[in-house]
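Asks: Sharing start28.csv below, CSV, C-alpha atoms and all ligand atoms:
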chain,number,residue,atom,x,y,z
D,1,MET,CA,11.6,-16.4,-3.9
D,2,PRO,CA,11.0,-12.6,-4.0
D,3,LEU,CA,7.6,-11.6,-5.4
D,4,LYS,CA,7.2,-9.1,-8.3
D,5,PRO,CA,7.1,-5.5,-7.2
D,6,LEU,CA,3.6,-4.3,-6.3
D,7,ILE,CA,2.6,-0.9,-7.6
D,8,ALA,CA,-0.5,0.2,-6.0
D,9,GLY,CA,-2.6,3.3,-6.6
D,10,ASN,CA,-4.6,4.9,-3.8
D,11,TRP,CA,-7.3,7.2,-5.2
D,12,LYS,CA,-8.4,8.3,-1.8
D,13,MET,CA,-11.8,10.2,-1.9
D,14,ASN,CA,-11.4,11.0,-5.6
D,15,GLY,CA,-13.1,9.6,-8.6
D,16,ASP,CA,-16.6,8.9,-10.0
D,17,THR,CA,-17.9,6.6,-12.8
D,18,ALA,CA,-16.1,8.8,-15.4
D,19,SER,CA,-12.8,7.7,-13.8
D,20,LEU,CA,-13.4,4.2,-14.9
D,21,GLY,CA,-11.8,5.3,-18.1
D,22,GLU,CA,-8.5,5.5,-16.2
D,23,ILE,CA,-8.9,1.9,-15.1
D,24,GLU,CA,-9.5,0.8,-18.7
D,25,ALA,CA,-6.5,2.8,-19.9
D,26,ILE,CA,-4.2,1.4,-17.2
D,27,SER,CA,-5.5,-2.1,-17.8
D,28,GLU,CA,-4.8,-1.8,-21.5
D,29,VAL,CA,-1.2,-0.8,-20.9
D,30,VAL,CA,-0.7,-3.6,-18.4
D,31,SER,CA,-2.1,-6.3,-20.7
D,32,ALA,CA,0.0,-5.1,-23.6
D,33,SER,CA,3.3,-5.1,-21.7
D,34,PRO,CA,5.4,-7.8,-20.0
D,35,PRO,CA,4.1,-8.3,-16.4
D,36,ARG,CA,7.0,-6.6,-14.6
D,37,ALA,CA,5.0,-5.8,-11.5
D,38,ASP,CA,1.6,-6.6,-9.9
D,39,ILE,CA,-0.6,-3.6,-10.5
D,40,LEU,CA,-3.4,-2.6,-8.1
D,41,ILE,CA,-5.8,0.3,-8.0
D,42,CYS,CA,-7.7,1.2,-4.8
D,43,PRO,CA,-10.6,3.4,-5.9
D,44,PRO,CA,-13.3,4.7,-3.5
D,45,ALA,CA,-15.6,1.9,-2.3
D,46,THR,CA,-18.4,3.2,-4.5
D,47,LEU,CA,-16.4,2.3,-7.6
D,48,ILE,CA,-14.9,-1.1,-6.6
D,49,PHE,CA,-17.5,-3.3,-8.3
D,50,GLN,CA,-17.4,-1.4,-11.6
D,51,ALA,CA,-13.6,-1.0,-11.5
D,52,ALA,CA,-13.2,-4.8,-11.1
D,53,GLN,CA,-15.6,-5.4,-14.0
D,54,THR,CA,-13.7,-2.9,-16.1
D,55,ALA,CA,-10.3,-4.3,-15.2
D,56,ALA,CA,-11.6,-7.8,-15.9
D,57,GLY,CA,-8.5,-9.4,-14.2
D,58,ARG,CA,-6.0,-7.4,-16.1
D,59,ILE,CA,-5.1,-5.4,-13.0
D,60,ALA,CA,-6.2,-6.0,-9.4
D,61,ILE,CA,-8.7,-3.8,-7.6
D,62,GLY,CA,-8.6,-3.1,-3.8
D,63,GLY,CA,-10.2,-1.2,-1.0
D,64,GLN,CA,-8.8,1.7,1.0
D,65,ASN,CA,-10.1,0.6,4.4
D,66,CYS,CA,-12.3,-2.1,5.9
D,67,SER,CA,-14.2,-2.7,9.1
D,68,ALA,CA,-12.8,-5.3,11.4
D,69,GLU,CA,-16.3,-6.9,11.6
D,70,PRO,CA,-17.8,-9.1,9.0
D,71,CYS,CA,-21.3,-7.6,9.1
D,72,GLY,CA,-23.8,-6.1,11.5
D,73,ALA,CA,-24.9,-2.8,13.0
D,74,PHE,CA,-21.9,-0.6,12.0
D,75,THR,CA,-23.6,2.2,10.0
D,76,GLY,CA,-21.4,3.4,7.2
D,77,ASP,CA,-18.8,0.7,7.4
D,78,VAL,CA,-17.8,-1.7,4.7
D,79,SER,CA,-16.5,-5.2,5.7
D,80,ALA,CA,-13.6,-7.0,4.1
D,81,GLU,CA,-16.0,-9.6,2.9
D,82,MET,CA,-18.1,-7.0,1.1
D,83,LEU,CA,-14.9,-5.6,-0.6
D,84,ARG,CA,-14.1,-9.2,-1.7
D,85,ASP,CA,-17.7,-9.7,-2.9
D,86,ALA,CA,-17.4,-6.5,-5.0
D,87,GLY,CA,-14.3,-7.8,-6.7
D,88,ALA,CA,-11.4,-6.5,-4.5
D,89,THR,CA,-8.4,-8.7,-3.8
D,90,ALA,CA,-6.6,-6.3,-1.5
D,91,VAL,CA,-7.2,-3.6,1.0
D,92,ILE,CA,-5.1,-0.8,2.4
D,93,VAL,CA,-5.2,-0.7,6.2
D,94,GLY,CA,-3.7,1.9,8.7
D,95,HIS,CA,-3.1,4.6,6.1
D,96,SER,CA,-1.9,7.7,8.0
D,97,GLU,CA,-5.1,9.6,7.0
D,98,ARG,CA,-7.1,6.9,8.7
D,99,ARG,CA,-4.9,7.0,11.7
D,100,ARG,CA,-5.1,10.8,11.9
D,101,PHE,CA,-8.6,11.6,10.9
D,102,HIS,CA,-10.4,8.5,12.2
D,103,GLY,CA,-8.3,7.8,15.3
D,104,GLU,CA,-7.2,4.4,14.2
D,105,THR,CA,-4.7,2.8,16.6
D,106,ASP,CA,-2.3,0.0,15.9
D,107,SER,CA,-4.6,-2.5,17.5
D,108,MET,CA,-7.5,-1.4,15.4
D,109,VAL,CA,-5.2,-1.7,12.3
D,110,ALA,CA,-4.3,-5.2,13.4
D,111,ALA,CA,-7.9,-6.2,13.7
D,112,LYS,CA,-8.6,-4.8,10.2
D,113,THR,CA,-5.6,-6.8,8.9
D,114,LEU,CA,-7.1,-10.0,10.4
D,115,ALA,CA,-10.4,-9.1,8.8
D,116,ALA,CA,-8.6,-8.7,5.4
D,117,TRP,CA,-7.0,-12.2,5.8
D,118,ARG,CA,-10.4,-13.7,6.9
D,119,ALA,CA,-11.9,-12.4,3.6
D,120,GLY,CA,-8.9,-13.7,1.5
D,121,LEU,CA,-7.6,-10.1,0.8
D,122,LEU,CA,-4.0,-9.0,0.7
D,123,ALA,CA,-3.6,-6.5,3.5
D,124,ILE,CA,-1.3,-3.5,2.7
D,125,VAL,CA,-0.4,-2.3,6.2
D,126,CYS,CA,0.8,1.3,6.3
D,127,VAL,CA,3.4,2.6,8.8
D,128,GLY,CA,5.4,5.8,8.8
D,129,GLU,CA,6.7,8.6,11.0
D,130,THR,CA,5.6,12.3,11.2
D,131,GLU,CA,8.0,15.1,10.4
D,132,GLY,CA,8.5,15.8,14.1
D,133,GLU,CA,9.3,12.1,14.8
D,134,ARG,CA,11.8,12.1,12.0
D,135,LEU,CA,13.4,15.4,13.2
D,136,ALA,CA,13.6,13.9,16.7
D,137,GLY,CA,15.4,10.8,15.3
D,138,ASP,CA,12.5,8.6,16.4
D,139,HIS,CA,11.5,7.3,13.0
D,140,GLN,CA,12.9,3.8,13.4
D,141,THR,CA,11.4,3.3,16.8
D,142,VAL,CA,8.0,4.7,15.6
D,143,CYS,CA,7.8,2.3,12.7
D,144,LYS,CA,9.0,-0.7,14.7
D,145,THR,CA,6.2,0.0,17.2
D,146,GLN,CA,3.6,0.5,14.5
D,147,LEU,CA,4.7,-2.8,12.8
D,148,ARG,CA,4.6,-4.7,16.1
D,149,GLY,CA,1.1,-3.4,16.9
D,150,SER,CA,-0.5,-3.4,13.5
D,151,VAL,CA,0.7,-6.6,11.9
D,152,PRO,CA,-0.7,-9.7,13.5
D,153,ASP,CA,1.1,-13.0,13.9
D,154,ARG,CA,0.9,-15.3,10.8
D,155,ALA,CA,1.8,-12.5,8.3
D,156,LYS,CA,3.3,-13.9,5.2
D,157,ALA,CA,4.1,-12.7,1.7
D,158,GLY,CA,0.8,-14.0,0.3
D,159,ASN,CA,-1.4,-12.1,2.7
D,160,THR,CA,0.5,-9.0,3.7
D,161,ALA,CA,2.6,-6.1,2.2
D,162,ILE,CA,3.9,-3.3,4.3
D,163,ALA,CA,3.8,0.3,3.0
D,164,TYR,CA,6.4,2.6,4.5
D,165,GLU,CA,4.9,6.0,4.1
D,166,PRO,CA,6.6,8.9,5.9
D,167,VAL,CA,3.6,11.1,6.8
D,168,TRP,CA,5.5,14.3,5.9
D,169,ALA,CA,6.0,13.0,2.4
D,170,ILE,CA,2.4,12.2,1.6
D,171,GLY,CA,0.9,14.6,-0.8
D,172,THR,CA,3.6,17.2,-0.1
D,173,GLY,CA,6.0,16.7,-3.1
D,174,LYS,CA,8.7,16.0,-0.5
D,175,THR,CA,10.5,12.7,-0.5
D,176,PRO,CA,13.2,11.3,1.8
D,177,ALA,CA,16.8,11.0,0.5
D,178,LEU,CA,17.2,7.7,-1.3
D,179,SER,CA,19.7,6.7,1.5
D,180,ASP,CA,17.0,7.4,4.1
D,181,ILE,CA,14.4,5.3,2.1
D,182,ALA,CA,17.0,2.5,1.9
D,183,SER,CA,17.8,2.6,5.6
D,184,MET,CA,14.2,2.6,6.7
D,185,HIS,CA,13.3,-0.3,4.4
D,186,ARG,CA,16.3,-2.2,5.7
D,187,HIS,CA,15.1,-1.5,9.2
D,188,ILE,CA,11.6,-2.7,8.4
D,189,ARG,CA,13.1,-5.8,6.7
D,190,GLU,CA,15.0,-6.6,9.9
D,191,CYS,CA,11.9,-6.1,12.0
D,192,LEU,CA,9.9,-8.5,9.7
D,193,VAL,CA,12.7,-11.2,9.8
D,194,GLU,CA,13.0,-10.9,13.6
D,195,ARG,CA,9.3,-11.5,13.9
D,196,PHE,CA,8.5,-13.9,11.1
D,197,GLY,CA,11.8,-15.6,10.4
D,198,PRO,CA,12.7,-16.4,6.7
D,199,GLU,CA,9.1,-15.5,5.6
D,200,GLY,CA,9.9,-12.0,6.7
D,201,ASN,CA,12.3,-11.8,3.8
D,202,SER,CA,9.6,-12.3,1.2
D,203,ILE,CA,7.0,-9.8,2.5
D,204,ARG,CA,7.0,-6.8,0.1
D,205,ILE,CA,7.8,-3.4,1.5
D,206,LEU,CA,6.4,-0.6,-0.6
D,207,TYR,CA,7.5,3.0,-0.4
D,208,GLY,CA,4.8,5.6,-0.4
D,209,GLY,CA,4.9,9.4,-0.4
D,210,SER,CA,5.0,11.7,-3.4
D,211,VAL,CA,6.1,9.0,-5.9
D,212,LYS,CA,5.7,10.4,-9.4
D,213,PRO,CA,7.0,9.6,-12.9
D,214,GLU,CA,10.1,11.7,-12.3
D,215,ASN,CA,11.3,9.9,-9.2
D,216,ALA,CA,9.8,6.4,-9.6
D,217,ARG,CA,12.8,4.7,-11.2
D,218,GLU,CA,15.3,5.7,-8.5
D,219,ILE,CA,12.9,4.9,-5.7
D,220,LEU,CA,11.9,1.5,-7.2
D,221,PHE,CA,15.5,0.5,-7.7
D,222,THR,CA,16.4,1.4,-4.1
D,223,PRO,CA,17.4,-1.8,-2.1
D,224,GLU,CA,14.5,-3.4,-0.2
D,225,VAL,CA,11.9,-1.3,-2.1
D,226,GLY,CA,9.4,-3.9,-3.3
D,227,GLY,CA,7.0,-1.5,-5.0
D,228,ALA,CA,5.2,1.7,-4.4
D,229,LEU,CA,1.9,3.0,-2.9
D,230,VAL,CA,1.0,6.0,-5.1
D,231,GLY,CA,-1.6,8.6,-4.2
D,232,GLY,CA,-2.0,11.7,-6.4
D,233,ALA,CA,0.0,10.3,-9.3
D,234,SER,CA,-2.3,7.3,-9.6
D,235,LEU,CA,-5.3,9.3,-10.6
D,236,LYS,CA,-4.2,9.8,-14.2
D,237,ALA,CA,-3.4,6.7,-16.2
D,238,ALA,CA,-0.5,8.3,-18.1
D,239,ASP,CA,1.3,9.1,-14.8
D,240,PHE,CA,0.6,5.8,-13.1
D,241,CYS,CA,1.7,3.8,-16.2
D,242,ALA,CA,4.9,5.8,-16.3
D,243,ILE,CA,5.5,4.8,-12.7
D,244,PHE,CA,4.9,1.1,-13.0
D,245,SER,CA,6.9,1.0,-16.3
D,246,ALA,CA,9.9,2.2,-14.3
D,247,ALA,CA,9.7,-0.9,-12.0
D,248,PRO,CA,12.5,-3.4,-12.1
D,249,GLN,CA,11.6,-6.6,-13.9
D,250,GLY,CA,10.2,-9.0,-11.2
D,251,THR,CA,10.5,-12.8,-11.1
M,301,LIG,C1,-0.8,7.9,-0.3
M,301,LIG,O1,-1.9,8.5,-0.2
M,301,LIG,O2,-0.6,6.8,0.2
M,301,LIG,C2,0.3,8.6,-0.9
M,301,LIG,C3,1.5,8.1,-0.9
M,301,LIG,O3,0.0,9.8,-1.5
M,301,LIG,P1,0.9,10.7,-2.5
M,301,LIG,O4,1.5,9.8,-3.5
M,301,LIG,O5,0.0,11.7,-3.2
M,301,LIG,O6,2.0,11.4,-1.7
Show the structure stored in the file as structure tokens.
Ligand code: PEP
Replies:
Amino acid sequence: MPLKPLIAGNWKMNGDTASLGEIEAISEVVSASPPRADILICPPATLIFQAAQTAAGRIAIGGQNCSAEPCGAFTGDVSAEMLRDAGATAVIVGHSERRRFHGETDSMVAAKTLAAWRAGLLAIVCVGETEGERLAGDHQTVCKTQLRGSVPDRAKAGNTAIAYEPVWAIGTGKTPALSDIASMHRHIRECLVERFGPEGNSIRILYGGSVKPENAREILFTPEVGGALVGGASLKAADFCAIFSAAPQGT
């Protein structure tokens, strides 16, 4: 059975305790409306505990990254278990900013995904091509390779979601044509089914890259789009609420 769409906000390195008001505002809207989608906000690690207290189960709270290790001498890192302990139920892994600025490879992302599962977190595994790769016509091959390398065996709908995020669409205001989103999501679906059998049909594939209130509806109603990963437009409750209110009614 298909899961409800998942609308996830990635606050990146933005937000302080004053931003908890946005969590409260989003939570109020979610609890007052029929649950058409699963709603998740991934604030900076410093805010996870307070965000989870503020949300009080009305929306889910997640991390933006985790270590592959459970604990130990890894200065500055945060483990999946620590995220869970702080109140997170999900974590984004392999975001293109982590791949680009922190040199994260597919095998490192796979190790982080395993860590997320070990801690009982939903892993949102990001894949997506650069503009050059798209122009060269390599986008499908790039994403297939990233999926193969970043998603470990035993992925299922309950522990994993994929976020297709064309790198050139993140934070740029540019989005692919809806037909291109549809064909990439179809391709990712085929990769998931080839690898995981029927379970691959249930794993949600989120679209990410300049989703805003103005384009949310058409993107969220595109075939095989099982939700969205939203960056900039998740920072303000009004924008984020307008996005998840555009989601199709889930089951
Ligand atoms: C993101 O950071 O994952 C993202 C999709 O950002 P934006 O919505 O700002 O493009």
Asks: Show me, as JSON lines, the residues of chain D having an atom within 9 Å of ligand LIG 301 (chain M), each with the closest atom pair and its distance in Å, using all atoms listed in the file.
Replies:
{"residue": "D:Gly9", "atom": "CA", "partner": "M:LIG301", "partner_atom": "O2", "distance": 7.9}
{"residue": "D:Asn10", "atom": "CA", "partner": "M:LIG301", "partner_atom": "O1", "distance": 5.8}
{"residue": "D:Trp11", "atom": "CA", "partner": "M:LIG301", "partner_atom": "O1", "distance": 7.5}
{"residue": "D:Lys12", "atom": "CA", "partner": "M:LIG301", "partner_atom": "O1", "distance": 6.7}
{"residue": "D:His95", "atom": "CA", "partner": "M:LIG301", "partner_atom": "O2", "distance": 6.8}
{"residue": "D:Ser96", "atom": "CA", "partner": "M:LIG301", "partner_atom": "O2", "distance": 8.0}
{"residue": "D:Glu97", "atom": "CA", "partner": "M:LIG301", "partner_atom": "O1", "distance": 8.0}
{"residue": "D:Cys126", "atom": "CA", "partner": "M:LIG301", "partner_atom": "O2", "distance": 8.3}
{"residue": "D:Ala163", "atom": "CA", "partner": "M:LIG301", "partner_atom": "O2", "distance": 8.3}
{"residue": "D:Glu165", "atom": "CA", "partner": "M:LIG301", "partner_atom": "C3", "distance": 6.4}
{"residue": "D:Pro166", "atom": "CA", "partner": "M:LIG301", "partner_atom": "C3", "distance": 8.5}
{"residue": "D:Val167", "atom": "CA", "partner": "M:LIG301", "partner_atom": "C3", "distance": 8.5}
{"residue": "D:Trp168", "atom": "CA", "partner": "M:LIG301", "partner_atom": "O6", "distance": 8.9}
{"residue": "D:Ala169", "atom": "CA", "partner": "M:LIG301", "partner_atom": "O6", "distance": 5.9}
{"residue": "D:Ile170", "atom": "CA", "partner": "M:LIG301", "partner_atom": "O6", "distance": 3.4}
{"residue": "D:Gly171", "atom": "CA", "partner": "M:LIG301", "partner_atom": "O6", "distance": 3.5}
{"residue": "D:Thr172", "atom": "CA", "partner": "M:LIG301", "partner_atom": "O6", "distance": 6.2}
{"residue": "D:Gly173", "atom": "CA", "partner": "M:LIG301", "partner_atom": "O6", "distance": 6.8}
{"residue": "D:Lys174", "atom": "CA", "partner": "M:LIG301", "partner_atom": "O6", "distance": 8.2}
{"residue": "D:Thr175", "atom": "CA", "partner": "M:LIG301", "partner_atom": "O6", "distance": 8.7}
{"residue": "D:Tyr207", "atom": "CA", "partner": "M:LIG301", "partner_atom": "C3", "distance": 7.9}
{"residue": "D:Gly208", "atom": "CA", "partner": "M:LIG301", "partner_atom": "C3", "distance": 4.2}
{"residue": "D:Gly209", "atom": "CA", "partner": "M:LIG301", "partner_atom": "C3", "distance": 3.7}
{"residue": "D:Ser210", "atom": "CA", "partner": "M:LIG301", "partner_atom": "O6", "distance": 3.5}
{"residue": "D:Val211", "atom": "CA", "partner": "M:LIG301", "partner_atom": "O4", "distance": 5.2}
{"residue": "D:Lys212", "atom": "CA", "partner": "M:LIG301", "partner_atom": "O4", "distance": 7.3}
{"residue": "D:Ala228", "atom": "CA", "partner": "M:LIG301", "partner_atom": "C3", "distance": 8.2}
{"residue": "D:Leu229", "atom": "CA", "partner": "M:LIG301", "partner_atom": "C3", "distance": 5.5}
{"residue": "D:Val230", "atom": "CA", "partner": "M:LIG301", "partner_atom": "O4", "distance": 4.2}
{"residue": "D:Gly231", "atom": "CA", "partner": "M:LIG301", "partner_atom": "O3", "distance": 3.4}
{"residue": "D:Gly232", "atom": "CA", "partner": "M:LIG301", "partner_atom": "O5", "distance": 3.8}
{"residue": "D:Ala233", "atom": "CA", "partner": "M:LIG301", "partner_atom": "O4", "distance": 6.0}
{"residue": "D:Ser234", "atom": "CA", "partner": "M:LIG301", "partner_atom": "O4", "distance": 7.6}
Asks: Might you pull out every residue within 9 Å of Gln50 of chain D, with only C-alpha atoms counted and same-chain residues fewer than 5 positions away left off, and present them as a PDB file with C-alpha atoms, in the frame of the given file?
Replies:
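New file around29.pdb:
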ATOM      1  CA  THR D  17     -17.900   6.600 -12.800  1.00  0.00           C
ATOM      2  CA  LEU D  20     -13.400   4.200 -14.900  1.00  0.00           C
ATOM      3  CA  ALA D  55     -10.300  -4.300 -15.200  1.00  0.00           C
ATOM      4  CA  ALA D  86     -17.400  -6.500  -5.000  1.00  0.00           C
ATOM      5  CA  GLY D  87     -14.300  -7.800  -6.700  1.00  0.00           C
TER       6      GLY D  87
END
Asks: Residues near Val125 of chain D, anyone? I mean within 12 Å using all atoms listed in the file, not counting same-chain ones fewer than 6 positions away, as a VMD selection string.
Replies: chain D and resid 64 to 66 90 to 96 98 to 99 106 108 to 114 116 to 117 143 146 to 152 155 159 to 165 203 to 208 229
Asks: Please, what distance in Å, to one decimal, runs between atom CA of Glu129 of chain D and atom CA of Leu3 of chain D?
Replies: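 Atom CA of Leu3 of chain D lies 26.0 Å from atom CA of Glu129 of chain D.
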Asks: Here is a test: counting only C-alpha atoms, which residue of D:Ser179, D:Ser202, D:Ser27, D:Thr46 is nearest to Ile219 of chain D?
Replies: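 Closest candidate: D:Ser179.
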Asks: Find the residues around Glu24 of chain D up to 9 Å (all atoms listed in the file counted), leave out those fewer than 6 positions away in its own chain, and share them as a VMD selection string.
Replies: chain D and resid 51 54 to 55 237
Asks: Name the residues in contact with Pro34 of chain D at a cut-off of 10 Å, using all atoms listed in the file, excluding same-chain residues fewer than 5 positions from it; report them as a list of chain:residue names.
Replies: D:Val29, D:Ser245, D:Gln249
Asks: If you measure from atom CA of Gly158 of chain D to atom CA of Leu121 of chain D, what distance in Å do you get, rounded to one decimal?
Replies: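 Atom CA of Gly158 of chain D sits 9.3 Å away from atom CA of Leu121 of chain D.
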Asks: Could you tell me how far atom CA of Asp239 of chain D sits from atom CA of Glu214 of chain D, in Å to one decimal place?
Replies: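 Taking atom CA of Glu214 of chain D as the start and atom CA of Asp239 of chain D as the end point, the length is 9.5 Å.
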Asks: For a quick check of understanding, using only C-alpha atoms, which of D:Leu40, D:Cys241, D:Met13, D:Ala247 has the smallest distance to Leu122 of chain D?
Replies: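 Smallest distance to Leu122 of chain D is found for D:Leu40.
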Asks: Selecting all heavy atoms, how would segment 41-50 of chain D from this structure be written as a compact mmCIF listing (two decimals), in the first residue's frame?
Replies:
# COMPACT_ATOMS: atom_id res chain seq x y z
N ILE D 41 10.42 18.14 9.86
CA ILE D 41 11.35 19.28 9.78
C ILE D 41 12.71 18.82 10.29
O ILE D 41 12.81 18.18 11.35
CB ILE D 41 10.85 20.49 10.63
CG1 ILE D 41 9.60 21.11 10.01
CG2 ILE D 41 11.96 21.54 10.77
CD1 ILE D 41 9.83 21.95 8.75
N CYS D 42 13.74 19.13 9.52
CA CYS D 42 15.12 18.80 9.90
C CYS D 42 15.85 20.10 10.22
O CYS D 42 16.41 20.75 9.32
CB CYS D 42 15.82 18.04 8.78
SG CYS D 42 14.97 16.51 8.33
N PRO D 43 15.84 20.51 11.49
CA PRO D 43 16.55 21.74 11.88
C PRO D 43 18.03 21.42 12.10
O PRO D 43 18.43 20.26 12.04
CB PRO D 43 15.86 22.11 13.19
CG PRO D 43 15.45 20.81 13.78
CD PRO D 43 15.22 19.85 12.64
N PRO D 44 18.86 22.42 12.37
CA PRO D 44 20.24 22.12 12.75
C PRO D 44 20.25 21.24 14.00
O PRO D 44 19.31 21.27 14.81
CB PRO D 44 20.85 23.49 13.04
CG PRO D 44 19.86 24.50 12.58
CD PRO D 44 18.55 23.85 12.41
N ALA D 45 21.33 20.48 14.18
CA ALA D 45 21.41 19.53 15.30
C ALA D 45 21.19 20.21 16.65
O ALA D 45 20.62 19.61 17.57
CB ALA D 45 22.77 18.83 15.27
N THR D 46 21.62 21.48 16.75
CA THR D 46 21.49 22.19 18.03
C THR D 46 20.03 22.37 18.46
O THR D 46 19.75 22.61 19.63
CB THR D 46 22.11 23.59 17.92
OG1 THR D 46 21.60 24.21 16.73
CG2 THR D 46 23.62 23.52 17.87
N LEU D 47 19.12 22.29 17.50
CA LEU D 47 17.71 22.57 17.81
C LEU D 47 16.84 21.31 17.90
O LEU D 47 15.65 21.41 18.17
CB LEU D 47 17.11 23.50 16.75
CG LEU D 47 17.59 24.95 16.75
CD1 LEU D 47 16.93 25.72 15.61
CD2 LEU D 47 17.29 25.62 18.09
N ILE D 48 17.44 20.14 17.62
CA ILE D 48 16.59 18.93 17.50
C ILE D 48 15.83 18.65 18.79
O ILE D 48 14.61 18.39 18.77
CB ILE D 48 17.43 17.72 17.05
CG1 ILE D 48 17.80 17.91 15.58
CG2 ILE D 48 16.65 16.41 17.23
CD1 ILE D 48 18.71 16.85 15.02
N PHE D 49 16.52 18.72 19.91
CA PHE D 49 15.85 18.37 21.16
C PHE D 49 14.67 19.31 21.43
O PHE D 49 13.54 18.88 21.66
CB PHE D 49 16.85 18.41 22.33
CG PHE D 49 16.19 18.09 23.65
CD1 PHE D 49 15.86 16.79 23.98
CD2 PHE D 49 15.87 19.11 24.56
CE1 PHE D 49 15.23 16.49 25.18
CE2 PHE D 49 15.25 18.82 25.77
CZ PHE D 49 14.93 17.51 26.07
N GLN D 50 14.93 20.61 21.33
CA GLN D 50 13.85 21.57 21.60
C GLN D 50 12.75 21.51 20.53
O GLN D 50 11.57 21.68 20.83
CB GLN D 50 14.41 22.98 21.68
CG GLN D 50 15.17 23.26 22.96
CD GLN D 50 16.01 24.50 22.81
OE1 GLN D 50 16.98 24.50 22.09
NE2 GLN D 50 15.64 25.56 23.49
